[in-house]
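Enquirer: Data file query11.txt (compact mmCIF, C-alpha atoms) is appended below.
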# COMPACT_ATOMS: atom_id res chain seq x y z
CA MET A 1 5.44 -74.06 23.79
CA SER A 2 9.11 -73.51 24.68
CA GLY A 3 8.81 -69.91 23.46
CA PHE A 4 5.78 -69.36 25.70
CA LEU A 5 7.58 -70.83 28.72
CA ALA A 6 10.65 -68.70 27.99
CA ALA A 7 8.45 -65.59 27.76
CA LEU A 8 6.58 -66.46 30.95
CA ARG A 9 9.82 -67.10 32.83
CA LYS A 10 11.26 -63.80 31.55
CA ASP A 11 8.18 -61.82 32.59
CA LEU A 12 7.95 -63.41 36.03
CA LEU A 13 11.65 -62.65 36.54
CA LEU A 14 11.08 -59.02 35.48
CA GLN A 15 8.11 -58.74 37.85
CA TRP A 16 10.20 -60.11 40.71
CA ARG A 17 13.05 -57.68 39.97
CA THR A 18 10.64 -54.72 39.88
CA ARG A 19 8.50 -55.80 42.84
CA ALA A 20 8.90 -52.39 44.50
CA GLN A 21 6.71 -50.98 41.72
CA PHE A 22 4.10 -53.63 42.46
CA VAL A 23 4.03 -52.57 46.12
CA ALA A 24 3.35 -49.01 44.94
CA VAL A 25 0.49 -50.29 42.73
CA PHE A 26 -0.99 -52.19 45.69
CA VAL A 27 -0.79 -49.11 47.92
CA PHE A 28 -2.53 -47.15 45.16
CA GLY A 29 -5.35 -49.74 45.04
CA ALA A 30 -5.72 -49.79 48.83
CA SER A 31 -5.80 -45.97 48.87
CA ALA A 32 -8.55 -46.01 46.24
CA LEU A 33 -10.61 -48.38 48.41
CA LEU A 34 -10.13 -46.06 51.36
CA LEU A 35 -11.19 -43.01 49.35
CA PHE A 36 -14.30 -44.78 48.01
CA SER A 37 -15.35 -45.48 51.61
CA PHE A 38 -15.14 -41.73 52.35
CA ALA A 39 -17.49 -41.08 49.42
CA ILE A 40 -20.20 -43.32 50.96
CA GLY A 41 -19.78 -42.10 54.51
CA PRO A 42 -20.36 -44.04 57.75
CA ASP A 43 -23.26 -46.10 56.42
CA ALA A 44 -22.21 -49.71 57.11
CA ALA A 45 -25.01 -51.28 55.02
CA ALA A 46 -24.29 -49.07 51.98
CA LEU A 47 -20.56 -49.74 52.27
CA ARG A 48 -21.16 -53.48 52.28
CA GLN A 49 -23.64 -53.15 49.41
CA HIS A 50 -21.10 -51.37 47.19
CA SER A 51 -17.98 -53.22 48.35
CA ALA A 52 -17.68 -55.48 45.28
CA GLY A 53 -17.96 -52.53 42.90
CA PHE A 54 -15.31 -50.61 44.77
CA LEU A 55 -12.99 -53.62 44.88
CA TRP A 56 -13.15 -54.00 41.10
CA LEU A 57 -12.85 -50.27 40.47
CA ALA A 58 -9.70 -50.28 42.59
CA MET A 59 -8.49 -53.31 40.60
CA LEU A 60 -9.26 -51.60 37.30
CA LEU A 61 -7.47 -48.37 38.22
CA SER A 62 -4.46 -50.24 39.65
CA SER A 63 -4.32 -52.58 36.67
CA THR A 64 -3.61 -49.73 34.24
CA LEU A 65 -0.50 -48.88 36.28
CA ALA A 66 0.60 -52.52 36.48
CA LEU A 67 -0.04 -53.17 32.79
CA ALA A 68 1.79 -50.01 31.70
CA ASP A 69 4.72 -50.97 33.96
CA SER A 70 4.87 -54.41 32.37
CA PHE A 71 5.92 -52.83 29.03
CA GLU A 72 8.23 -50.20 30.49
CA SER A 73 11.21 -52.56 30.49
CA GLU A 74 10.30 -53.86 27.02
CA VAL A 75 10.63 -50.46 25.37
CA GLN A 76 13.45 -48.93 27.46
CA GLN A 77 16.23 -50.45 25.34
CA ARG A 78 13.92 -51.97 22.72
CA ALA A 79 14.27 -55.30 24.49
CA LEU A 80 11.03 -56.59 22.97
CA GLU A 81 12.30 -55.80 19.47
CA GLY A 82 15.51 -57.60 20.37
CA LEU A 83 13.53 -60.73 21.23
CA LEU A 84 11.46 -60.52 18.02
CA LEU A 85 14.69 -60.35 16.01
CA LEU A 86 16.12 -63.51 17.64
CA PRO A 87 13.44 -64.58 16.45
CA ALA A 88 10.92 -65.09 19.24
CA ASP A 89 7.32 -65.86 18.34
CA ALA A 90 5.14 -62.78 18.94
CA ARG A 91 2.23 -64.87 20.17
CA ALA A 92 4.44 -66.65 22.70
CA LEU A 93 5.64 -63.25 23.92
CA TYR A 94 2.06 -62.04 24.24
CA TYR A 95 0.73 -65.07 26.10
CA GLY A 96 3.78 -65.16 28.39
CA LYS A 97 3.30 -61.54 29.37
CA ALA A 98 -0.49 -61.74 29.57
CA LEU A 99 -0.30 -64.76 31.89
CA ALA A 100 2.36 -63.09 34.05
CA ASN A 101 0.03 -60.07 34.27
CA VAL A 102 -2.87 -62.35 35.31
CA LEU A 103 -0.73 -63.70 38.14
CA GLN A 104 0.25 -60.20 39.21
CA LEU A 105 -3.31 -58.86 39.09
CA THR A 106 -4.54 -61.94 40.98
CA VAL A 107 -2.03 -61.26 43.74
CA LEU A 108 -3.18 -57.63 43.71
CA GLY A 109 -6.84 -58.66 43.95
CA VAL A 110 -6.16 -61.18 46.71
CA GLY A 111 -4.20 -58.49 48.56
CA LEU A 112 -7.03 -55.97 48.24
CA VAL A 113 -9.71 -58.35 49.59
CA PRO A 114 -8.61 -58.04 53.26
CA VAL A 115 -8.53 -54.25 52.84
CA MET A 116 -12.09 -54.43 51.51
CA VAL A 117 -13.16 -56.68 54.42
CA VAL A 118 -11.71 -54.28 56.98
CA LEU A 119 -13.03 -51.08 55.37
CA TYR A 120 -16.46 -52.32 54.24
CA ASP A 121 -17.12 -55.25 56.57
CA ALA A 122 -17.68 -57.28 53.39
CA PHE A 123 -16.79 -60.81 54.33
CA THR A 124 -17.50 -64.01 52.43
CA ALA A 125 -16.89 -67.56 53.55
CA ARG A 126 -16.78 -68.75 49.91
CA VAL A 127 -13.08 -68.03 49.55
CA PRO A 128 -12.28 -70.51 46.72
CA ALA A 129 -15.18 -69.11 44.66
CA LEU A 130 -14.00 -65.54 45.31
CA LEU A 131 -10.46 -66.53 44.28
CA ALA A 132 -11.83 -68.03 41.06
CA VAL A 133 -13.73 -64.82 40.28
CA ILE A 134 -10.60 -62.76 40.95
CA VAL A 135 -8.55 -64.98 38.62
CA LEU A 136 -11.19 -64.75 35.87
CA GLY A 137 -11.55 -60.99 36.35
CA ALA A 138 -7.78 -60.55 36.30
CA ALA A 139 -7.67 -62.56 33.07
CA GLY A 140 -10.38 -60.30 31.61
CA LEU A 141 -8.34 -57.20 32.41
CA SER A 142 -5.02 -58.73 31.36
CA ALA A 143 -5.89 -60.00 27.87
CA PRO A 144 -6.91 -56.67 26.27
CA GLY A 145 -4.79 -54.71 28.77
CA THR A 146 -1.56 -56.40 27.68
CA LEU A 147 -2.41 -55.73 24.04
CA TYR A 148 -3.23 -52.07 24.62
CA ALA A 149 -0.20 -51.60 26.87
CA ALA A 150 1.93 -52.84 23.95
CA MET A 151 0.14 -50.46 21.56
CA THR A 152 0.61 -47.42 23.79
CA ALA A 153 4.00 -48.24 25.32
CA GLN A 154 5.97 -46.02 22.93
CA MET A 155 3.50 -43.13 22.90
CA ARG A 156 4.04 -39.96 24.88
CA ALA A 157 0.43 -39.92 26.09
CA ARG A 158 0.47 -43.62 27.08
CA ASN A 159 -0.69 -42.96 30.65
CA THR A 160 -3.86 -41.35 29.33
CA LEU A 161 -4.37 -43.55 26.28
CA LEU A 162 -4.18 -46.92 28.02
CA PRO A 163 -7.17 -46.33 30.33
CA LEU A 164 -9.06 -44.56 27.51
CA LEU A 165 -8.74 -47.63 25.33
CA LEU A 166 -9.07 -50.24 28.03
CA PHE A 167 -11.94 -49.02 30.19
CA PRO A 168 -14.76 -49.12 27.58
CA LEU A 169 -13.62 -52.51 26.32
CA VAL A 170 -13.61 -54.27 29.69
CA VAL A 171 -17.07 -53.08 30.79
CA PRO A 172 -18.65 -56.56 30.30
CA ALA A 173 -15.85 -58.23 32.28
CA LEU A 174 -16.02 -55.58 34.98
CA LEU A 175 -19.79 -55.90 35.24
CA ALA A 176 -19.61 -59.70 35.47
CA ALA A 177 -16.79 -59.58 38.04
CA VAL A 178 -18.64 -57.02 40.20
CA LYS A 179 -21.92 -58.95 40.10
CA SER A 180 -20.22 -62.28 40.83
CA THR A 181 -18.25 -60.83 43.75
CA SER A 182 -21.32 -59.05 45.05
CA LEU A 183 -23.35 -62.28 44.97
CA LEU A 184 -20.59 -64.04 46.92
CA ILE A 185 -20.55 -61.32 49.58
CA LEU A 186 -24.27 -60.50 49.85
CA GLY A 187 -25.70 -63.92 49.07
CA ASP A 188 -27.19 -65.48 45.94
CA PRO A 189 -30.84 -66.41 46.66
CA MET A 190 -31.76 -66.44 42.93
CA GLY A 191 -28.77 -68.57 41.85
CA GLN A 192 -27.41 -65.96 39.42
CA LEU A 193 -23.72 -66.54 40.12
CA THR A 194 -23.25 -69.19 37.44
CA SER A 195 -24.60 -66.90 34.71
CA TRP A 196 -22.29 -64.02 35.63
CA VAL A 197 -19.27 -66.33 35.89
CA ALA A 198 -20.20 -67.79 32.49
CA LEU A 199 -20.19 -64.26 31.01
CA LEU A 200 -16.76 -63.68 32.52
CA VAL A 201 -15.46 -66.97 31.10
CA ALA A 202 -16.89 -66.13 27.66
CA PHE A 203 -15.30 -62.66 27.72
CA ASP A 204 -11.95 -64.19 28.67
CA ALA A 205 -12.18 -66.85 25.97
CA VAL A 206 -12.94 -64.29 23.24
CA TYR A 207 -10.25 -61.79 24.22
CA TRP A 208 -7.53 -64.34 24.99
CA SER A 209 -8.05 -65.75 21.49
CA LEU A 210 -8.38 -62.44 19.63
CA CYS A 211 -5.61 -60.48 21.31
CA GLY A 212 -3.05 -63.23 20.73
CA LEU A 213 -3.77 -63.04 17.00
CA VAL A 214 -3.59 -59.24 16.85
CA PHE A 215 -0.47 -58.82 18.98
CA GLU A 216 1.97 -59.68 16.18
CA ARG A 217 0.55 -56.87 14.00
CA VAL A 218 0.83 -54.45 16.88
CA VAL A 219 4.47 -55.13 17.73
CA GLU A 220 5.72 -55.67 14.18
CA ASP A 221 4.12 -52.58 12.63
CA MET B 1 31.21 -66.20 -4.95
CA THR B 2 27.62 -66.30 -3.60
CA SER B 3 25.94 -63.21 -2.18
CA ALA B 4 24.99 -62.97 1.49
CA VAL B 5 23.08 -59.75 0.89
CA GLN B 6 21.57 -58.42 -2.30
CA THR B 7 19.42 -55.31 -2.55
CA ILE B 8 17.82 -53.74 -5.61
CA GLY B 9 16.38 -50.24 -5.44
CA LEU B 10 15.92 -50.50 -1.67
CA SER B 11 14.13 -47.46 -0.25
CA ARG B 12 12.70 -46.52 3.10
CA ARG B 13 11.23 -43.25 4.29
CA TYR B 14 10.25 -41.69 7.61
CA GLY B 15 7.28 -39.46 6.92
CA ARG B 16 8.22 -37.46 3.82
CA ARG B 17 11.99 -37.87 4.16
CA TRP B 18 13.69 -40.72 2.36
CA ALA B 19 16.23 -42.30 4.73
CA LEU B 20 17.23 -44.83 2.08
CA ALA B 21 16.78 -44.09 -1.60
CA ASP B 22 17.22 -46.63 -4.36
CA VAL B 23 20.10 -48.52 -2.75
CA SER B 24 21.37 -51.46 -4.79
CA LEU B 25 24.27 -53.45 -3.41
CA GLU B 26 25.68 -56.92 -3.07
CA LEU B 27 27.77 -58.34 -0.23
CA PRO B 28 29.71 -61.55 -0.95
CA ALA B 29 29.24 -64.30 1.63
CA GLY B 30 32.05 -64.31 4.19
CA SER B 31 33.07 -60.72 3.48
CA VAL B 32 33.63 -57.99 6.06
CA THR B 33 32.24 -54.69 4.80
CA MET B 34 32.49 -51.18 6.20
CA LEU B 35 29.43 -48.93 5.86
CA ALA B 36 30.39 -45.26 6.11
CA GLY B 37 28.53 -41.99 5.89
CA ARG B 38 27.56 -38.90 7.86
CA ASN B 39 25.07 -38.98 10.70
CA GLY B 40 21.62 -39.37 9.18
CA SER B 41 22.94 -40.78 5.89
CA GLY B 42 20.88 -43.96 6.27
CA LYS B 43 23.41 -46.42 7.72
CA SER B 44 21.27 -47.51 10.68
CA THR B 45 18.16 -47.66 8.50
CA LEU B 46 19.91 -49.95 6.02
CA LEU B 47 21.06 -52.26 8.84
CA ARG B 48 17.60 -52.29 10.41
CA VAL B 49 15.94 -53.12 7.08
CA LEU B 50 18.39 -55.98 6.51
CA ALA B 51 17.71 -57.23 10.06
CA THR B 52 13.92 -57.04 9.34
CA ALA B 53 13.41 -54.54 12.17
CA LEU B 54 12.02 -52.15 9.53
CA ARG B 55 10.08 -52.89 6.37
CA PRO B 56 11.31 -51.32 3.15
CA ASP B 57 8.89 -49.05 1.31
CA HIS B 58 10.25 -49.94 -2.13
CA GLY B 59 12.75 -52.28 -3.67
CA GLU B 60 13.95 -55.73 -2.79
CA ALA B 61 16.42 -57.14 -0.31
CA ARG B 62 17.49 -60.74 -0.03
CA VAL B 63 19.50 -61.89 2.95
CA LEU B 64 21.15 -65.30 2.68
CA GLY B 65 18.61 -66.21 0.03
CA HIS B 66 15.54 -65.00 1.92
CA ASP B 67 13.36 -62.01 1.12
CA VAL B 68 13.30 -59.54 4.05
CA ARG B 69 9.68 -58.68 3.36
CA HIS B 70 8.18 -62.14 3.04
CA ALA B 71 10.52 -64.45 4.93
CA ARG B 72 11.24 -62.43 8.03
CA GLU B 73 11.55 -65.37 10.38
CA ALA B 74 14.00 -67.18 8.10
CA VAL B 75 16.10 -64.00 7.85
CA ARG B 76 16.01 -63.47 11.60
CA ARG B 77 17.31 -66.97 12.24
CA LYS B 78 20.46 -66.10 10.31
CA VAL B 79 21.06 -62.47 11.24
CA ALA B 80 22.32 -60.76 14.39
CA LEU B 81 22.13 -57.01 14.91
CA LEU B 82 24.22 -54.94 17.29
CA ALA B 83 22.13 -51.77 17.37
CA HIS B 84 22.30 -48.38 19.07
CA GLN B 85 19.77 -49.67 21.61
CA SER B 86 21.17 -52.52 23.65
CA PHE B 87 18.08 -54.83 23.46
CA LEU B 88 18.82 -55.59 27.12
CA TYR B 89 16.52 -55.69 30.16
CA GLU B 90 17.83 -53.10 32.61
CA ALA B 91 16.28 -54.84 35.63
CA LEU B 92 17.92 -58.20 34.87
CA THR B 93 21.53 -59.17 35.45
CA ALA B 94 24.04 -59.68 32.64
CA ARG B 95 23.79 -63.46 33.07
CA GLU B 96 19.98 -63.39 33.10
CA ASN B 97 19.88 -61.30 29.92
CA LEU B 98 21.96 -63.89 28.09
CA GLU B 99 19.93 -66.75 29.57
CA VAL B 100 16.68 -65.11 28.42
CA ALA B 101 18.03 -64.74 24.87
CA ALA B 102 19.37 -68.31 24.93
CA SER B 103 16.02 -69.69 26.08
CA PHE B 104 14.30 -68.16 23.04
CA LEU B 105 17.02 -69.51 20.77
CA GLY B 106 16.61 -72.96 22.32
CA ARG B 107 20.27 -73.06 23.29
CA SER B 108 22.12 -73.62 26.50
CA ALA B 109 23.24 -70.22 27.68
CA GLU B 110 27.05 -70.58 27.99
CA ALA B 111 26.52 -67.26 29.74
CA LEU B 112 29.68 -67.28 31.82
CA SER B 113 32.00 -68.14 28.95
CA LEU B 114 30.41 -65.44 26.77
CA LEU B 115 30.67 -62.92 29.58
CA ALA B 116 34.32 -63.88 30.03
CA ARG B 117 34.82 -63.39 26.29
CA VAL B 118 33.64 -59.78 26.55
CA GLY B 119 35.38 -59.10 29.89
CA LEU B 120 32.26 -59.02 32.07
CA GLU B 121 32.60 -62.29 34.02
CA THR B 122 33.07 -60.49 37.34
CA ARG B 123 29.84 -58.52 36.78
CA ALA B 124 27.71 -61.49 35.70
CA ASP B 125 25.23 -61.12 38.55
CA ASP B 126 24.94 -57.33 38.54
CA PRO B 127 21.84 -55.70 37.04
CA VAL B 128 22.35 -54.05 33.66
CA ALA B 129 20.95 -50.83 35.14
CA SER B 130 24.24 -50.48 37.04
CA PHE B 131 26.37 -50.85 33.88
CA SER B 132 28.18 -48.08 32.06
CA ALA B 133 27.44 -47.52 28.35
CA GLY B 134 30.61 -49.38 27.39
CA MET B 135 29.70 -52.38 29.53
CA ARG B 136 26.26 -52.49 27.96
CA LYS B 137 27.88 -52.48 24.54
CA ARG B 138 30.08 -55.42 25.59
CA LEU B 139 27.05 -57.32 26.87
CA SER B 140 25.17 -56.62 23.63
CA LEU B 141 28.18 -58.00 21.79
CA ALA B 142 27.99 -61.17 23.90
CA ARG B 143 24.31 -61.44 22.94
CA VAL B 144 25.27 -61.14 19.26
CA LEU B 145 27.89 -63.89 19.68
CA LEU B 146 25.28 -66.11 21.36
CA GLN B 147 23.18 -65.99 18.19
CA GLN B 148 25.95 -67.59 16.08
CA ALA B 149 24.51 -65.76 13.07
CA GLU B 150 25.64 -66.08 9.46
CA LEU B 151 25.22 -62.35 8.88
CA VAL B 152 26.30 -59.97 11.62
CA LEU B 153 25.21 -56.33 11.38
CA LEU B 154 27.16 -53.96 13.62
CA ASP B 155 25.87 -50.40 14.03
CA GLU B 156 28.71 -48.18 15.22
CA PRO B 157 30.07 -50.98 17.38
CA TYR B 158 33.09 -48.99 18.62
CA GLY B 159 30.89 -46.28 20.13
CA GLU B 160 31.24 -46.09 23.95
CA LEU B 161 34.00 -48.72 24.04
CA ASP B 162 37.36 -48.08 25.75
CA PRO B 163 40.69 -48.99 24.06
CA PRO B 164 40.64 -52.59 25.40
CA GLY B 165 37.06 -52.75 24.08
CA PHE B 166 38.34 -51.69 20.64
CA ALA B 167 40.84 -54.57 20.72
CA LEU B 168 38.13 -56.96 21.88
CA LEU B 169 35.87 -55.95 19.01
CA ASP B 170 38.71 -56.22 16.47
CA GLY B 171 39.25 -59.78 17.75
CA VAL B 172 35.56 -60.64 17.52
CA ILE B 173 35.38 -59.39 13.92
CA GLY B 174 38.44 -61.50 13.13
CA GLU B 175 36.76 -64.56 14.67
CA LEU B 176 33.56 -63.94 12.71
CA ARG B 177 35.62 -63.73 9.50
CA GLN B 178 37.37 -67.00 10.38
CA ARG B 179 34.15 -68.90 10.89
CA GLY B 180 32.82 -67.62 7.56
CA ALA B 181 30.22 -65.16 8.80
CA THR B 182 29.42 -62.09 6.72
CA VAL B 183 29.87 -58.82 8.58
CA LEU B 184 28.44 -55.40 7.69
CA MET B 185 29.72 -52.70 10.05
CA ALA B 186 28.53 -49.11 10.12
CA THR B 187 31.33 -46.93 11.46
CA HIS B 188 32.86 -43.47 11.34
CA LEU B 189 36.32 -44.92 12.04
CA ILE B 190 37.46 -45.09 8.42
CA ASP B 191 41.10 -45.92 9.17
CA ARG B 192 40.12 -48.79 11.43
CA GLY B 193 37.58 -50.00 8.91
CA ARG B 194 40.20 -49.98 6.14
CA LEU B 195 42.40 -52.26 8.25
CA LEU B 196 39.63 -54.68 9.23
CA CYS B 197 37.32 -54.77 6.22
CA ASP B 198 37.56 -56.15 2.69
CA ARG B 199 35.03 -53.82 1.17
CA ALA B 200 33.45 -50.47 1.88
CA LEU B 201 30.20 -48.70 1.07
CA LEU B 202 29.54 -44.98 1.40
CA LEU B 203 26.04 -43.58 1.90
CA GLU B 204 25.05 -39.95 1.45
CA GLU B 205 21.52 -38.77 2.13
CA GLY B 206 20.24 -42.31 1.79
CA ARG B 207 21.99 -43.02 -1.51
CA LEU B 208 24.89 -45.35 -2.14
CA VAL B 209 27.52 -43.06 -3.63
CA TRP B 210 30.66 -45.18 -3.46
CA SER B 211 31.57 -48.85 -3.13
CA GLY B 212 34.82 -50.66 -3.57
CA PRO B 213 37.74 -52.22 -1.74
CA ALA B 214 38.03 -50.88 1.81
CA ARG B 215 41.69 -49.90 1.39
CA GLU B 216 40.66 -47.53 -1.41
CA MET B 217 38.04 -45.79 0.72
CA PRO B 218 39.09 -42.13 0.97
CA ALA B 219 40.06 -41.27 4.56
CA GLU B 220 38.33 -37.90 4.17
CA ALA B 221 35.02 -39.62 3.29
CA PRO B 222 32.02 -37.70 4.66
CA GLY B 223 31.27 -38.73 8.20
CA GLY B 224 34.65 -40.37 8.62
CA SER B 225 37.12 -39.64 11.39
CA ALA B 226 40.74 -40.46 11.86
CA PRO B 227 41.19 -42.23 15.24
CA ALA B 228 42.29 -45.83 14.75
Turn this file's structure into structure tokens for me.

Expert:
Amino acid sequence: MSGFLAALRKDLLLQWRTRAQFVAVFVFGASALLLFSFAIGPDAAALRQHSAGFLWLAMLLSSTLALADSFESEVQQRALEGLLLLPADARALYYGKALANVLQLTVLGVGLVPVMVVLYDAFTARVPALLAVIVLGAAGLSAPGTLYAAMTAQMRARNTLLPLLLFPLVVPALLAAVKSTSLLILGDPMGQLTSWVALLVAFDAVYWSLCGLVFERVVED
Amino acid sequence: MTSAVQTIGLSRRYGRRWALADVSLELPAGSVTMLAGRNGSGKSTLLRVLATALRPDHGEARVLGHDVRHAREAVRRKVALLAHQSFLYEALTARENLEVAASFLGRSAEALSLLARVGLETRADDPVASFSAGMRKRLSLARVLLQQAELVLLDEPYGELDPPGFALLDGVIGELRQRGATVLMATHLIDRGRLLCDRALLLEEGRLVWSGPAREMPAEAPGGSAPA
């Protein structure tokens, strides 16, 4: 537990020190939302209809930048290897970084919601429920994303490889997050929200368990 | 005298090239040993295998009684490596880097006293990104001291240091010897190594070609240079 807390503290500190990069990631996400609105055109109903999908696409695209950044400082001077040689527990390092990435992606998602509301007129009064979906969706992106960012961090083609590996894997989480958000914005007359949130929770549970086990093999070999 | 390090037929390759080939050696506990050889002779690979940063392809290596292949965590608890890469976070300050390492070791940081020991106390709160190569080396040395390891592996520790840094490092090696730690130091500074070390090893193309008392190490050994 102390190793996990040390890793979490280290990653939050690194995120704070490199917050200018996070601002750039947020601007990228907001720009993506703006560009998606151009693709639909001035059709207010269609914009509102697709707002949840665009929000999560912007999150997905931005998350690859944020996740890749989170390993930049680990490989620059082989800092991660230095921690493993102390020795630090690989699983503690993984969960510390994955949780720090969840927090960062949650802040990103929460920051993008007002942009979505302004651009798509997609408002929901169920703010706590939307926040919960954003946290669960961020966790769904972060668990495999942190693992793949570690795998690709030292590769020359990492900027291409990370999305190539991540995007197909997170389709169930993305689908569940989009449907849940959409139901919160457009209404849920059939009571489907619980099922989609359950899928998101199941996805998170599977990947948070699996990726923690695999991470040691990835960073040691 | 017990052995701190014992290797038998240790080999490691990168692709098809053998960086270490059939290296068998023994380092007595508490000894200070110089590891010499040309660039690419396998010095860094040997240190990284002993530190468990790399797995050997063949052979055995025992560090302080533990097998580097099967007891990595036990080895890591007793070994500190000063490598070419600093293992530091560029975005964090010198103090924060030591505090991060200390938190994983479960120790109180003593960051300021360690930074004072390596002459960086006035730069404690500056980010490592603003440090020169020599300052990074000093901070890495402070990180090694923080580990209080029984086996200290130094990979070209004099590189990038200024003359006061040389004196600092000489003093640190003396302190490590006094507290009974075993030191294995890869260096091209043969004359300096002969003064500081008890024993010497010479690698050529991954093979151990000479070992003996450091004072008998030929000054013209391949990869060696004169400045002391």

Enquirer: Taking only C-alpha atoms into account, find every residue of chain B that has an atom no more than 8 Å from chain A, and write it out as a PyMOL selection string.

Expert: chain B and resi 51-53+73+76-77+80+85-92+100-101+103-106+147

Enquirer: May I have the residues within 10 Å of Ser209 of chain A as a PDB file with C-alpha atoms, in the frame of the given file, using only C-alpha atoms and disregarding those fewer than 5 positions away in the same chain?

Expert:
ATOM      1  CA  TYR A  95       0.730 -65.070  26.100  1.00  0.00           C
ATOM      2  CA  ALA A 143      -5.890 -60.000  27.870  1.00  0.00           C
ATOM      3  CA  ASP A 204     -11.950 -64.190  28.670  1.00  0.00           C
ATOM      4  CA  VAL A 214      -3.590 -59.240  16.850  1.00  0.00           C
TER       5      VAL A 214
END

Enquirer: Report, as JSON, the centre and edge lengths in Å (one decimal) of the axis-aligned box enclosing every listed atom of segment 23-29 of chain A, padded by 3 Å on each side.

Expert:
{"center_x": -0.7, "center_y": -49.9, "center_z": 45.3, "size_x": 15.4, "size_y": 11.4, "size_z": 11.2}

Enquirer: Find the residues around segment 191-196 of chain A up to 8 Å (only C-alpha atoms counted), leave out those fewer than 2 positions away in its own chain, and share them as a PyMOL selection string.

Expert: chain A and resi 176-177+179-180+183-184+188-189+198-200

Enquirer: Dump C-alpha atoms for the selected residues as a PDB file, in the frame of the given file?

Expert:
ATOM      1  CA  ALA A 176     -19.610 -59.700  35.470  1.00  0.00           C
ATOM      2  CA  ALA A 177     -16.790 -59.580  38.040  1.00  0.00           C
ATOM      3  CA  LYS A 179     -21.920 -58.950  40.100  1.00  0.00           C
ATOM      4  CA  SER A 180     -20.220 -62.280  40.830  1.00  0.00           C
ATOM      5  CA  LEU A 183     -23.350 -62.280  44.970  1.00  0.00           C
ATOM      6  CA  LEU A 184     -20.590 -64.040  46.920  1.00  0.00           C
ATOM      7  CA  ASP A 188     -27.190 -65.480  45.940  1.00  0.00           C
ATOM      8  CA  PRO A 189     -30.840 -66.410  46.660  1.00  0.00           C
ATOM      9  CA  ALA A 198     -20.200 -67.790  32.490  1.00  0.00           C
ATOM     10  CA  LEU A 199     -20.190 -64.260  31.010  1.00  0.00           C
ATOM     11  CA  LEU A 200     -16.760 -63.680  32.520  1.00  0.00           C
TER      12      LEU A 200
END

Enquirer: Do you have the atom CA of Asp126 of chain B-atom CA of Val27 of chain A distance handy?

Expert: 28.6 Å

Enquirer: For Leu114 of chain B, which residue out of B:Lys43, B:Arg207, B:Arg55, B:Arg138 is the nearest one, using all atoms listed in the file?

Expert: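 Among the listed residues, B:Arg138 lies closest to Leu114 of chain B.
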
Enquirer: What gap, in Å, lies between atom CA of Leu202 of chain B and atom CA of Ala71 of chain B?

Expert: 27.4 Å

Enquirer: For Met116 of chain A, please output as a list of chain:residue names all residues within 9 Å (counting only C-alpha atoms; exclusion window: fewer than 3 positions along the same chain).

Expert: A:Ala30, A:Leu33, A:Leu34, A:Ser51, A:Ala52, A:Phe54, A:Leu55, A:Leu112, A:Val113, A:Leu119, A:Tyr120, A:Asp121, A:Ala122, A:Phe123

Enquirer: Limited to C-alpha atoms, could you put the picked residues into a file as a compact mmCIF listing (two decimals), in the coordinates of the input?

Expert:
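To be explicit, this is the file written out as result.txt:
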# COMPACT_ATOMS: atom_id res chain seq x y z
CA ALA A 30 -5.72 -49.79 48.83
CA LEU A 33 -10.61 -48.38 48.41
CA LEU A 34 -10.13 -46.06 51.36
CA SER A 51 -17.98 -53.22 48.35
CA ALA A 52 -17.68 -55.48 45.28
CA PHE A 54 -15.31 -50.61 44.77
CA LEU A 55 -12.99 -53.62 44.88
CA LEU A 112 -7.03 -55.97 48.24
CA VAL A 113 -9.71 -58.35 49.59
CA LEU A 119 -13.03 -51.08 55.37
CA TYR A 120 -16.46 -52.32 54.24
CA ASP A 121 -17.12 -55.25 56.57
CA ALA A 122 -17.68 -57.28 53.39
CA PHE A 123 -16.79 -60.81 54.33

Enquirer: If I take atom CA of Arg12 of chain B and atom CA of Asp57 of chain B, how far is one from the other in Å, to one decimal?

Expert: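 If I compute the distance from atom CA of Arg12 of chain B to atom CA of Asp57 of chain B, I get 4.9 Å.
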
Enquirer: Here is a test: counting all atoms listed in the file, which residue of B:Ala36, B:Val68, B:Leu10, B:Leu20 is nearest to His188 of chain B?

Expert: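 Using all atoms listed in the file, the shortest distance to His188 of chain B belongs to B:Ala36.
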
Enquirer: With all atoms listed in the file counted, which protein, DNA or RNA residues have an atom no more than 12 Å from (37.4, -55.7, 29.4) in the file frame? Please answer as a compact mmCIF listing (two decimals) with C-alpha atoms, in the frame of the given file.

Expert:
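Output file result.txt is given in full below:
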# COMPACT_ATOMS: atom_id res chain seq x y z
CA LEU B 115 30.67 -62.92 29.58
CA ALA B 116 34.32 -63.88 30.03
CA ARG B 117 34.82 -63.39 26.29
CA VAL B 118 33.64 -59.78 26.55
CA GLY B 119 35.38 -59.10 29.89
CA LEU B 120 32.26 -59.02 32.07
CA GLU B 121 32.60 -62.29 34.02
CA THR B 122 33.07 -60.49 37.34
CA ARG B 123 29.84 -58.52 36.78
CA GLY B 134 30.61 -49.38 27.39
CA MET B 135 29.70 -52.38 29.53
CA ARG B 136 26.26 -52.49 27.96
CA LYS B 137 27.88 -52.48 24.54
CA ARG B 138 30.08 -55.42 25.59
CA LEU B 139 27.05 -57.32 26.87
CA LEU B 161 34.00 -48.72 24.04
CA ASP B 162 37.36 -48.08 25.75
CA PRO B 163 40.69 -48.99 24.06
CA PRO B 164 40.64 -52.59 25.40
CA GLY B 165 37.06 -52.75 24.08
CA PHE B 166 38.34 -51.69 20.64
CA ALA B 167 40.84 -54.57 20.72
CA LEU B 168 38.13 -56.96 21.88
CA LEU B 169 35.87 -55.95 19.01
